[in-house]
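**Student:** So I've got this file, run17.pdb, and it contains PDB, C-alpha atoms, pLDDT in the B column:
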ATOM      1  CA  MET A 114       0.000   0.000   0.000  1.00 27.00           C
ATOM      2  CA  THR A 115       1.292   3.421  -0.923  1.00 32.00           C
ATOM      3  CA  THR A 116       1.024   5.996   1.837  1.00 36.00           C
ATOM      4  CA  ASN A 117       2.126   9.561   2.520  1.00 41.00           C
ATOM      5  CA  ASN A 118       5.416   9.336   4.432  1.00 39.00           C
ATOM      6  CA  SER A 119       4.911  12.727   6.083  1.00 35.00           C
ATOM      7  CA  VAL A 120       1.874  11.290   7.855  1.00 33.00           C
ATOM      8  CA  THR A 121       2.559   7.580   8.220  1.00 34.00           C
ATOM      9  CA  GLN A 122       6.282   7.419   8.884  1.00 34.00           C
ATOM     10  CA  GLY A 123       7.005   4.728  11.419  1.00 29.00           C
ATOM     11  CA  VAL A 124       3.657   2.992  11.076  1.00 29.00           C
ATOM     12  CA  VAL A 125       4.113  -0.746  10.473  1.00 25.00           C
ATOM     13  CA  GLY A 126       1.463  -3.328   9.591  1.00 26.00           C
ATOM     14  CA  SER A 127      -2.180  -2.698   8.926  1.00 27.00           C
ATOM     15  CA  ARG A 128      -3.579   0.773   9.314  1.00 33.00           C
ATOM     16  CA  ARG A 129      -5.179   1.534  12.635  1.00 39.00           C
ATOM     17  CA  VAL A 130      -8.847   2.297  13.031  1.00 38.00           C
ATOM     18  CA  PHE A 131      -9.576   5.826  11.893  1.00 43.00           C
ATOM     19  CA  LEU A 132     -10.085   8.187  14.801  1.00 43.00           C
ATOM     20  CA  ARG A 133     -10.195   7.093  18.376  1.00 40.00           C
ATOM     21  CA  GLY A 134     -13.909   6.550  18.941  1.00 38.00           C
ATOM     22  CA  LEU A 135     -14.798   5.176  15.485  1.00 40.00           C
ATOM     23  CA  ALA A 136     -16.445   1.766  15.254  1.00 32.00           C
ATOM     24  CA  GLY A 137     -15.166  -0.925  12.914  1.00 28.00           C
ATOM     25  CA  THR A 138     -11.957  -1.397  10.961  1.00 24.00           C
ATOM     26  CA  ALA A 139     -10.805   1.143   8.400  1.00 29.00           C
ATOM     27  CA  ALA A 140     -10.481  -0.152   4.868  1.00 26.00           C
ATOM     28  CA  ALA A 141      -7.033  -0.419   3.332  1.00 23.00           C
ATOM     29  CA  ALA A 142      -7.580   2.330   0.756  1.00 25.00           C
ATOM     30  CA  SER A 143      -4.372   4.176  -0.075  1.00 24.00           C
ATOM     31  CA  PHE A 144      -4.085   7.908  -0.513  1.00 22.00           C
ATOM     32  CA  GLY A 145      -3.832   7.352  -4.249  1.00 23.00           C
ATOM     33  CA  GLU A 146      -7.031   5.330  -4.355  1.00 27.00           C
ATOM     34  CA  ALA A 147      -9.010   7.865  -2.386  1.00 24.00           C
ATOM     35  CA  PHE A 148      -7.411  11.045  -3.699  1.00 25.00           C
ATOM     36  CA  GLY A 149      -5.460  10.545  -6.944  1.00 27.00           C
ATOM     37  CA  LEU A 150      -3.027  13.027  -8.415  1.00 24.00           C
ATOM     38  CA  GLY A 151      -4.057  12.647 -12.062  1.00 26.00           C
ATOM     39  CA  GLY A 152      -6.557  14.673 -14.010  1.00 27.00           C
ATOM     40  CA  ALA A 153      -6.939  17.351 -16.619  1.00 25.00           C
ATOM     41  CA  GLY A 154      -8.657  20.674 -16.799  1.00 29.00           C
ATOM     42  CA  ALA A 155      -6.948  22.145 -13.761  1.00 32.00           C
ATOM     43  CA  PRO A 156      -6.762  25.923 -13.387  1.00 33.00           C
ATOM     44  CA  ALA A 157      -3.668  27.587 -14.773  1.00 36.00           C
ATOM     45  CA  PRO A 158      -1.391  29.841 -12.726  1.00 39.00           C
ATOM     46  CA  GLY A 159      -1.278  33.533 -13.437  1.00 41.00           C
ATOM     47  CA  ARG A 160      -1.757  36.794 -11.593  1.00 41.00           C
ATOM     48  CA  ALA A 161      -2.510  37.044  -7.889  1.00 42.00           C
ATOM     49  CA  THR A 162      -6.264  36.591  -8.328  1.00 47.00           C
ATOM     50  CA  SER A 163      -5.602  33.205  -9.959  1.00 79.00           C
ATOM     51  CA  VAL A 164      -3.681  32.131  -6.852  1.00 87.00           C
ATOM     52  CA  LEU A 165      -6.589  33.248  -4.697  1.00 90.00           C
ATOM     53  CA  ASP A 166      -9.095  31.422  -6.911  1.00 89.00           C
ATOM     54  CA  LEU A 167      -7.057  28.232  -6.606  1.00 88.00           C
ATOM     55  CA  ALA A 168      -6.843  28.626  -2.827  1.00 91.00           C
ATOM     56  CA  ALA A 169     -10.576  29.308  -2.585  1.00 93.00           C
ATOM     57  CA  THR A 170     -11.252  26.159  -4.608  1.00 92.00           C
ATOM     58  CA  ALA A 171      -9.148  24.041  -2.254  1.00 93.00           C
ATOM     59  CA  GLU A 172     -10.972  25.497   0.741  1.00 96.00           C
ATOM     60  CA  ALA A 173     -14.350  24.889  -0.910  1.00 97.00           C
ATOM     61  CA  VAL A 174     -13.424  21.224  -1.397  1.00 96.00           C
ATOM     62  CA  SER A 175     -12.441  20.989   2.275  1.00 97.00           C
ATOM     63  CA  VAL A 176     -15.640  22.656   3.481  1.00 98.00           C
ATOM     64  CA  THR A 177     -17.713  20.300   1.320  1.00 98.00           C
ATOM     65  CA  LEU A 178     -15.828  17.212   2.533  1.00 98.00           C
ATOM     66  CA  TYR A 179     -16.059  17.966   6.261  1.00 98.00           C
ATOM     67  CA  ALA A 180     -19.661  19.181   6.050  1.00 98.00           C
ATOM     68  CA  GLN A 181     -20.732  16.022   4.249  1.00 98.00           C
ATOM     69  CA  VAL A 182     -19.014  13.743   6.757  1.00 97.00           C
ATOM     70  CA  LEU A 183     -20.315  15.598   9.799  1.00 97.00           C
ATOM     71  CA  GLY A 184     -23.828  15.691   8.396  1.00 97.00           C
ATOM     72  CA  GLN A 185     -24.216  12.349   6.648  1.00 97.00           C
ATOM     73  CA  ALA A 186     -21.455   9.848   7.492  1.00 97.00           C
ATOM     74  CA  SER A 187     -22.746   6.437   8.550  1.00 96.00           C
ATOM     75  CA  PHE A 188     -19.653   5.392  10.504  1.00 93.00           C
ATOM     76  CA  PHE A 189     -19.541   6.080  14.239  1.00 92.00           C
ATOM     77  CA  MET A 190     -17.748   9.086  15.713  1.00 93.00           C
ATOM     78  CA  ASN A 191     -17.726   9.911  19.382  1.00 92.00           C
ATOM     79  CA  ASP A 192     -18.490  13.378  20.724  1.00 93.00           C
ATOM     80  CA  ARG A 193     -14.823  14.369  21.031  1.00 92.00           C
ATOM     81  CA  THR A 194     -14.130  13.441  17.430  1.00 93.00           C
ATOM     82  CA  ARG A 195     -17.164  15.331  16.174  1.00 94.00           C
ATOM     83  CA  ARG A 196     -16.145  18.404  18.157  1.00 94.00           C
ATOM     84  CA  ASP A 197     -12.633  18.300  16.710  1.00 95.00           C
ATOM     85  CA  LEU A 198     -13.927  17.926  13.156  1.00 96.00           C
ATOM     86  CA  ARG A 199     -16.369  20.770  13.671  1.00 96.00           C
ATOM     87  CA  GLY A 200     -13.400  22.920  14.657  1.00 96.00           C
ATOM     88  CA  VAL A 201     -11.631  22.014  11.413  1.00 97.00           C
ATOM     89  CA  LEU A 202     -14.779  22.774   9.408  1.00 97.00           C
ATOM     90  CA  ALA A 203     -15.133  26.154  11.121  1.00 96.00           C
ATOM     91  CA  ALA A 204     -11.535  27.035  10.237  1.00 97.00           C
ATOM     92  CA  GLU A 205     -11.890  25.971   6.602  1.00 97.00           C
ATOM     93  CA  ALA A 206     -15.127  27.970   6.264  1.00 97.00           C
ATOM     94  CA  HIS A 207     -13.374  31.018   7.728  1.00 96.00           C
ATOM     95  CA  HIS A 208     -10.506  30.590   5.262  1.00 97.00           C
ATOM     96  CA  LEU A 209     -12.967  30.455   2.377  1.00 97.00           C
ATOM     97  CA  ALA A 210     -14.784  33.578   3.579  1.00 96.00           C
ATOM     98  CA  LEU A 211     -11.476  35.464   3.911  1.00 96.00           C
ATOM     99  CA  LEU A 212     -10.316  34.402   0.448  1.00 95.00           C
ATOM    100  CA  ARG A 213     -13.616  35.564  -1.018  1.00 95.00           C
ATOM    101  CA  SER A 214     -13.207  38.925   0.730  1.00 93.00           C
ATOM    102  CA  LEU A 215      -9.784  39.209  -0.929  1.00 91.00           C
ATOM    103  CA  GLY A 216     -11.231  38.488  -4.375  1.00 91.00           C
ATOM    104  CA  GLY A 217     -10.826  34.708  -4.600  1.00 93.00           C
ATOM    105  CA  ARG A 218     -13.632  32.654  -6.094  1.00 93.00           C
ATOM    106  CA  PRO A 219     -13.993  28.854  -6.118  1.00 93.00           C
ATOM    107  CA  LEU A 220     -13.806  27.417  -9.627  1.00 90.00           C
ATOM    108  CA  ALA A 221     -16.873  25.239  -9.042  1.00 92.00           C
ATOM    109  CA  SER A 222     -20.007  25.207  -6.904  1.00 94.00           C
ATOM    110  CA  SER A 223     -20.143  21.428  -6.470  1.00 96.00           C
ATOM    111  CA  PHE A 224     -17.452  18.781  -6.131  1.00 95.00           C
ATOM    112  CA  SER A 225     -16.966  15.081  -6.731  1.00 94.00           C
ATOM    113  CA  LEU A 226     -15.886  13.500  -3.446  1.00 95.00           C
ATOM    114  CA  PRO A 227     -14.104  10.129  -3.119  1.00 93.00           C
ATOM    115  CA  ALA A 228     -16.325   7.080  -3.354  1.00 93.00           C
ATOM    116  CA  ARG A 229     -17.341   5.558   0.005  1.00 95.00           C
ATOM    117  CA  VAL A 230     -16.196   8.655   1.898  1.00 96.00           C
ATOM    118  CA  LEU A 231     -19.459   8.648   3.880  1.00 97.00           C
ATOM    119  CA  THR A 232     -19.516   4.923   4.581  1.00 96.00           C
ATOM    120  CA  ASP A 233     -15.860   3.998   5.088  1.00 95.00           C
ATOM    121  CA  ALA A 234     -13.914   5.765   7.808  1.00 92.00           C
ATOM    122  CA  GLY A 235     -10.612   4.735   6.231  1.00 91.00           C
ATOM    123  CA  VAL A 236     -11.436   6.438   2.931  1.00 93.00           C
ATOM    124  CA  PHE A 237     -12.333   9.613   4.788  1.00 95.00           C
ATOM    125  CA  ALA A 238      -9.128   9.428   6.830  1.00 90.00           C
ATOM    126  CA  ASP A 239      -6.971   9.090   3.720  1.00 91.00           C
ATOM    127  CA  ALA A 240      -8.775  11.865   1.856  1.00 92.00           C
ATOM    128  CA  ALA A 241      -8.731  14.308   4.768  1.00 94.00           C
ATOM    129  CA  LEU A 242      -5.079  13.705   5.642  1.00 92.00           C
ATOM    130  CA  HIS A 243      -3.941  14.054   2.060  1.00 86.00           C
ATOM    131  CA  LEU A 244      -6.063  17.133   1.477  1.00 90.00           C
ATOM    132  CA  GLU A 245      -4.551  18.866   4.499  1.00 92.00           C
ATOM    133  CA  ASP A 246      -1.053  17.837   3.408  1.00 88.00           C
ATOM    134  CA  VAL A 247      -1.602  19.152  -0.119  1.00 86.00           C
ATOM    135  CA  SER A 248      -3.221  22.361   1.164  1.00 91.00           C
ATOM    136  CA  THR A 249      -0.307  23.085   3.477  1.00 92.00           C
ATOM    137  CA  SER A 250       2.170  22.611   0.643  1.00 89.00           C
ATOM    138  CA  ALA A 251       0.081  24.683  -1.779  1.00 88.00           C
ATOM    139  CA  TYR A 252      -0.110  27.616   0.627  1.00 93.00           C
ATOM    140  CA  LEU A 253       3.655  27.506   1.120  1.00 92.00           C
ATOM    141  CA  GLY A 254       4.043  27.673  -2.657  1.00 89.00           C
ATOM    142  CA  ALA A 255       1.560  30.556  -2.812  1.00 91.00           C
ATOM    143  CA  THR A 256       3.564  32.379  -0.134  1.00 93.00           C
ATOM    144  CA  HIS A 257       6.673  32.255  -2.290  1.00 91.00           C
ATOM    145  CA  GLN A 258       4.759  33.080  -5.456  1.00 90.00           C
ATOM    146  CA  LEU A 259       3.089  36.203  -4.051  1.00 91.00           C
ATOM    147  CA  ALA A 260       6.237  37.409  -2.301  1.00 93.00           C
ATOM    148  CA  ALA A 261       8.122  37.121  -5.589  1.00 92.00           C
ATOM    149  CA  ALA A 262       5.320  39.100  -7.261  1.00 90.00           C
ATOM    150  CA  GLY A 263       5.825  41.973  -4.846  1.00 92.00           C
ATOM    151  CA  GLN A 264       2.800  41.345  -2.620  1.00 92.00           C
ATOM    152  CA  PRO A 265       4.405  40.592   0.758  1.00 94.00           C
ATOM    153  CA  GLU A 266       1.296  41.274   2.850  1.00 95.00           C
ATOM    154  CA  LEU A 267      -0.767  38.836   0.809  1.00 94.00           C
ATOM    155  CA  ALA A 268       2.125  36.365   0.936  1.00 95.00           C
ATOM    156  CA  ALA A 269       2.167  36.571   4.736  1.00 96.00           C
ATOM    157  CA  THR A 270      -1.570  35.861   4.726  1.00 96.00           C
ATOM    158  CA  MET A 271      -0.933  32.693   2.702  1.00 96.00           C
ATOM    159  CA  ALA A 272       1.640  31.710   5.333  1.00 96.00           C
ATOM    160  CA  GLN A 273      -1.078  32.088   8.000  1.00 97.00           C
ATOM    161  CA  PHE A 274      -3.307  29.726   6.031  1.00 97.00           C
ATOM    162  CA  ALA A 275      -0.422  27.249   5.718  1.00 96.00           C
ATOM    163  CA  ALA A 276       0.098  27.335   9.486  1.00 95.00           C
ATOM    164  CA  SER A 277      -3.581  26.602  10.071  1.00 96.00           C
ATOM    165  CA  GLU A 278      -3.649  23.716   7.577  1.00 95.00           C
ATOM    166  CA  ALA A 279      -0.560  22.240   9.237  1.00 93.00           C
ATOM    167  CA  GLN A 280      -2.422  22.290  12.560  1.00 93.00           C
ATOM    168  CA  HIS A 281      -5.275  20.374  10.915  1.00 94.00           C
ATOM    169  CA  LEU A 282      -2.804  17.863   9.537  1.00 91.00           C
ATOM    170  CA  THR A 283      -1.354  17.315  13.000  1.00 91.00           C
ATOM    171  CA  LEU A 284      -4.787  16.931  14.595  1.00 93.00           C
ATOM    172  CA  LEU A 285      -6.046  14.480  11.973  1.00 93.00           C
ATOM    173  CA  SER A 286      -2.827  12.470  12.111  1.00 90.00           C
ATOM    174  CA  GLN A 287      -3.200  12.141  15.870  1.00 88.00           C
ATOM    175  CA  LEU A 288      -6.904  11.282  15.696  1.00 87.00           C
ATOM    176  CA  SER A 289      -6.339   8.751  12.940  1.00 86.00           C
ATOM    177  CA  GLY A 290      -4.037   6.730  15.167  1.00 84.00           C
ATOM    178  CA  TYR A 291      -0.806   7.602  13.356  1.00 83.00           C
ATOM    179  CA  GLY A 292       0.443   9.664  16.269  1.00 82.00           C
ATOM    180  CA  PRO A 293       1.655  13.260  16.163  1.00 78.00           C
ATOM    181  CA  PHE A 294       2.997  14.756  12.957  1.00 73.00           C
ATOM    182  CA  ARG A 295       6.741  14.165  13.281  1.00 75.00           C
ATOM    183  CA  ASP A 296       8.328  16.028  10.366  1.00 78.00           C
ATOM    184  CA  THR A 297      10.376  19.017  11.465  1.00 83.00           C
ATOM    185  CA  LEU A 298       8.925  21.052   8.577  1.00 83.00           C
ATOM    186  CA  PRO A 299       5.776  20.651   6.470  1.00 82.00           C
ATOM    187  CA  THR A 300       6.341  19.606   2.876  1.00 78.00           C
ATOM    188  CA  ALA A 301       7.020  22.390   0.376  1.00 79.00           C
ATOM    189  CA  ALA A 302       6.409  20.487  -2.838  1.00 76.00           C
ATOM    190  CA  SER A 303       6.552  23.446  -5.213  1.00 73.00           C
ATOM    191  CA  ARG A 304       7.500  27.085  -5.703  1.00 75.00           C
ATOM    192  CA  GLY A 305       3.933  28.037  -6.626  1.00 70.00           C
ATOM    193  CA  ALA A 306       0.350  27.166  -5.757  1.00 69.00           C
ATOM    194  CA  ALA A 307      -0.481  25.849  -9.223  1.00 66.00           C
ATOM    195  CA  ASP A 308       1.202  22.493  -8.635  1.00 67.00           C
ATOM    196  CA  SER A 309      -1.822  21.554  -6.540  1.00 65.00           C
ATOM    197  CA  SER A 310      -3.996  21.907  -9.658  1.00 67.00           C
ATOM    198  CA  PRO A 311      -3.954  18.213 -10.663  1.00 73.00           C
ATOM    199  CA  VAL A 312      -5.287  17.279  -7.235  1.00 74.00           C
ATOM    200  CA  LEU A 313      -8.080  19.835  -7.435  1.00 79.00           C
ATOM    201  CA  ALA A 314      -8.968  18.807 -10.986  1.00 82.00           C
ATOM    202  CA  ARG A 315     -10.175  15.475  -9.677  1.00 84.00           C
ATOM    203  CA  TYR A 316     -12.859  17.298  -7.700  1.00 88.00           C
ATOM    204  CA  LEU A 317     -13.975  19.713 -10.401  1.00 87.00           C
ATOM    205  CA  LYS A 318     -16.821  17.549 -11.610  1.00 89.00           C
ATOM    206  CA  PRO A 319     -20.548  17.814 -10.854  1.00 90.00           C
ATOM    207  CA  GLY A 320     -21.219  16.279  -7.468  1.00 94.00           C
ATOM    208  CA  VAL A 321     -21.963  17.503  -3.955  1.00 96.00           C
ATOM    209  CA  ALA A 322     -22.948  21.154  -3.649  1.00 97.00           C
ATOM    210  CA  LEU A 323     -20.768  23.482  -1.603  1.00 98.00           C
ATOM    211  CA  PRO A 324     -22.748  24.085   1.604  1.00 97.00           C
ATOM    212  CA  SER A 325     -23.984  27.584   2.322  1.00 96.00           C
ATOM    213  CA  GLU A 326     -22.808  29.599   5.301  1.00 94.00           C
ATOM    214  CA  ALA A 327     -26.129  28.833   6.971  1.00 95.00           C
ATOM    215  CA  ASP A 328     -25.617  25.100   6.400  1.00 96.00           C
ATOM    216  CA  VAL A 329     -22.147  25.277   7.964  1.00 96.00           C
ATOM    217  CA  LEU A 330     -23.431  27.217  10.971  1.00 94.00           C
ATOM    218  CA  ALA A 331     -26.141  24.602  11.490  1.00 95.00           C
ATOM    219  CA  LEU A 332     -23.531  21.819  11.504  1.00 96.00           C
ATOM    220  CA  LEU A 333     -21.338  23.732  13.945  1.00 95.00           C
ATOM    221  CA  GLY A 334     -24.213  24.198  16.369  1.00 91.00           C
ATOM    222  CA  GLY A 335     -23.007  26.201  19.318  1.00 81.00           C
ATOM    223  CA  ASP A 336     -19.331  25.377  18.747  1.00 78.00           C
ATOM    224  CA  THR A 337     -17.121  28.360  18.038  1.00 78.00           C
ATOM    225  CA  VAL A 338     -13.419  28.754  17.357  1.00 83.00           C
ATOM    226  CA  PRO A 339     -11.253  31.875  17.763  1.00 86.00           C
ATOM    227  CA  ARG A 340     -11.032  33.812  14.501  1.00 91.00           C
ATOM    228  CA  GLY A 341      -7.724  35.461  13.771  1.00 91.00           C
ATOM    229  CA  LYS A 342      -7.280  38.420  11.442  1.00 94.00           C
ATOM    230  CA  PRO A 343      -5.407  38.029   8.161  1.00 94.00           C
ATOM    231  CA  PHE A 344      -2.036  39.761   7.897  1.00 95.00           C
ATOM    232  CA  VAL A 345      -3.157  41.728   4.847  1.00 92.00           C
ATOM    233  CA  GLN A 346      -5.925  43.385   6.900  1.00 91.00           C
ATOM    234  CA  VAL A 347      -3.874  43.945  10.048  1.00 93.00           C
ATOM    235  CA  TYR A 348      -1.027  45.439   7.991  1.00 92.00           C
ATOM    236  CA  PRO A 349      -2.587  46.868   4.820  1.00 88.00           C
ATOM    237  CA  PRO A 350      -0.206  47.272   1.882  1.00 82.00           C
ATOM    238  CA  ALA A 351       1.433  50.684   1.763  1.00 75.00           C
ATOM    239  CA  LYS A 352       0.682  52.758  -1.303  1.00 69.00           C
ATOM    240  CA  ARG A 353       3.386  52.177  -3.850  1.00 61.00           C
ATOM    241  CA  ARG A 354       4.720  55.061  -5.881  1.00 54.00           C
TER     242      ARG A 354
END
Could you express the structure from this file as structure tokens?

**Tutor:**
Amino acid sequence: MTTNNSVTQGVVGSRRVFLRGLAGTAAAASFGEAFGLGGAGAPAPGRATSVLDLAATAEAVSVTLYAQVLGQASFFMNDRTRRDLRGVLAAEAHHLALLRSLGGRPLASSFSLPARVLTDAGVFADAALHLEDVSTSAYLGATHQLAAAGQPELAATMAQFAASEAQHLTLLSQLSGYGPFRDTLPTAASRGAADSSPVLARYLKPGVALPSEADVLALLGGDTVPRGKPFVQVYPPAKRR
């Protein structure tokens, strides 16, 4: 079975049950099976708004995935697990709202999620872990790309998003039974955000609708998470001569 070494390093034998508190045994689906890297029709890189559109698309996929699982998954999750996943959903929804406020727009309004993601905890585990890993790497690439384009405040905002996604990766790795994320640095797979395009292309097919803000709030119930301010709003870009 092919796995992501940044998440599963040191794990020997069969994969553990996904999330402490889940019932049953996780299926042996690999990251590649649940979340392949092939595909065509991905968005092309370009000016800053293209980077923001790509980031907004990744966040929209994440919001759709977590909302679907929290609302419709048939596998068991205990209260602690649900609370943790609601926190991740709240963060991803906040990211999407911030990217929209900065001009980013998702490239689709519905997404094709991995098969059996609502019935097989292992498929969800693989998809969520890989998505967080890819998102972290993509934001690091976007940080470099925007800094090189002379937009340091926006670049610093992308670094904030990368830090948040890395926290999600650590949480999901721990909950999935792999233990804490052990790499000294998150993966920086590219110099730009566009290298995540093949992953996103797999989702850009008619499928599950992106939930509305009202739908997300209903899933979160009374749970709230602290909302930080993006760097680009705390330190607005100085007027350039």

**Student:** Quick one: residues within 9 Å of A:Thr232, only C-alpha atoms, excluding same-chain residues fewer than 2 positions away - as a list in words?

**Tutor:**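 Result of the neighbour search: Ala186, Ser187, Phe188, Ala228, Arg229, Val230, Ala234, Val236 and Phe237 of chain A.
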
**Student:** Using all atoms listed in the file, which residues sit within 8 Å of A:Leu253 once same-chain residues fewer than 2 positions away are excluded, as a list in words?

**Tutor:**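 Near neighbours after the sequence-gap exclusion: Thr249, Ser250, Ala251, Ala255, Thr256, His257, Met271, Ala272, Ala275, Ala301, Arg304, Gly305 and Ala306 of chain A.
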
**Student:** Give the answer as one residue: which of A:Ala210, A:Val329, A:Val347, A:Val174 has the shortest atom-to-atom distance to A:Val312, using all atoms listed in the file?

**Tutor:**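 With all atoms listed in the file as the atom set, the closest residue is A:Val174.
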
**Student:** Atom CA of A:Tyr316 to atom CA of A:Pro227: how many Å, to one decimal?

**Tutor:**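 Pair atom CA of A:Tyr316 / atom CA of A:Pro227 returns 8.6 Å.
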
**Student:** If you count all atoms listed in the file, which residues fall within 7 Å of stretch 205-207 of chain A, apart from same-chain ones fewer than 3 positions away, as a ChimeraX atom specification?

**Tutor:** /A:172,175-176,201-202,210-211

**Student:** To one decimal place in Å, what is the distance between atom CA of A:Lys318 and atom CA of A:Arg199?

**Tutor:**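 Interatomic distance here is 25.5 Å.
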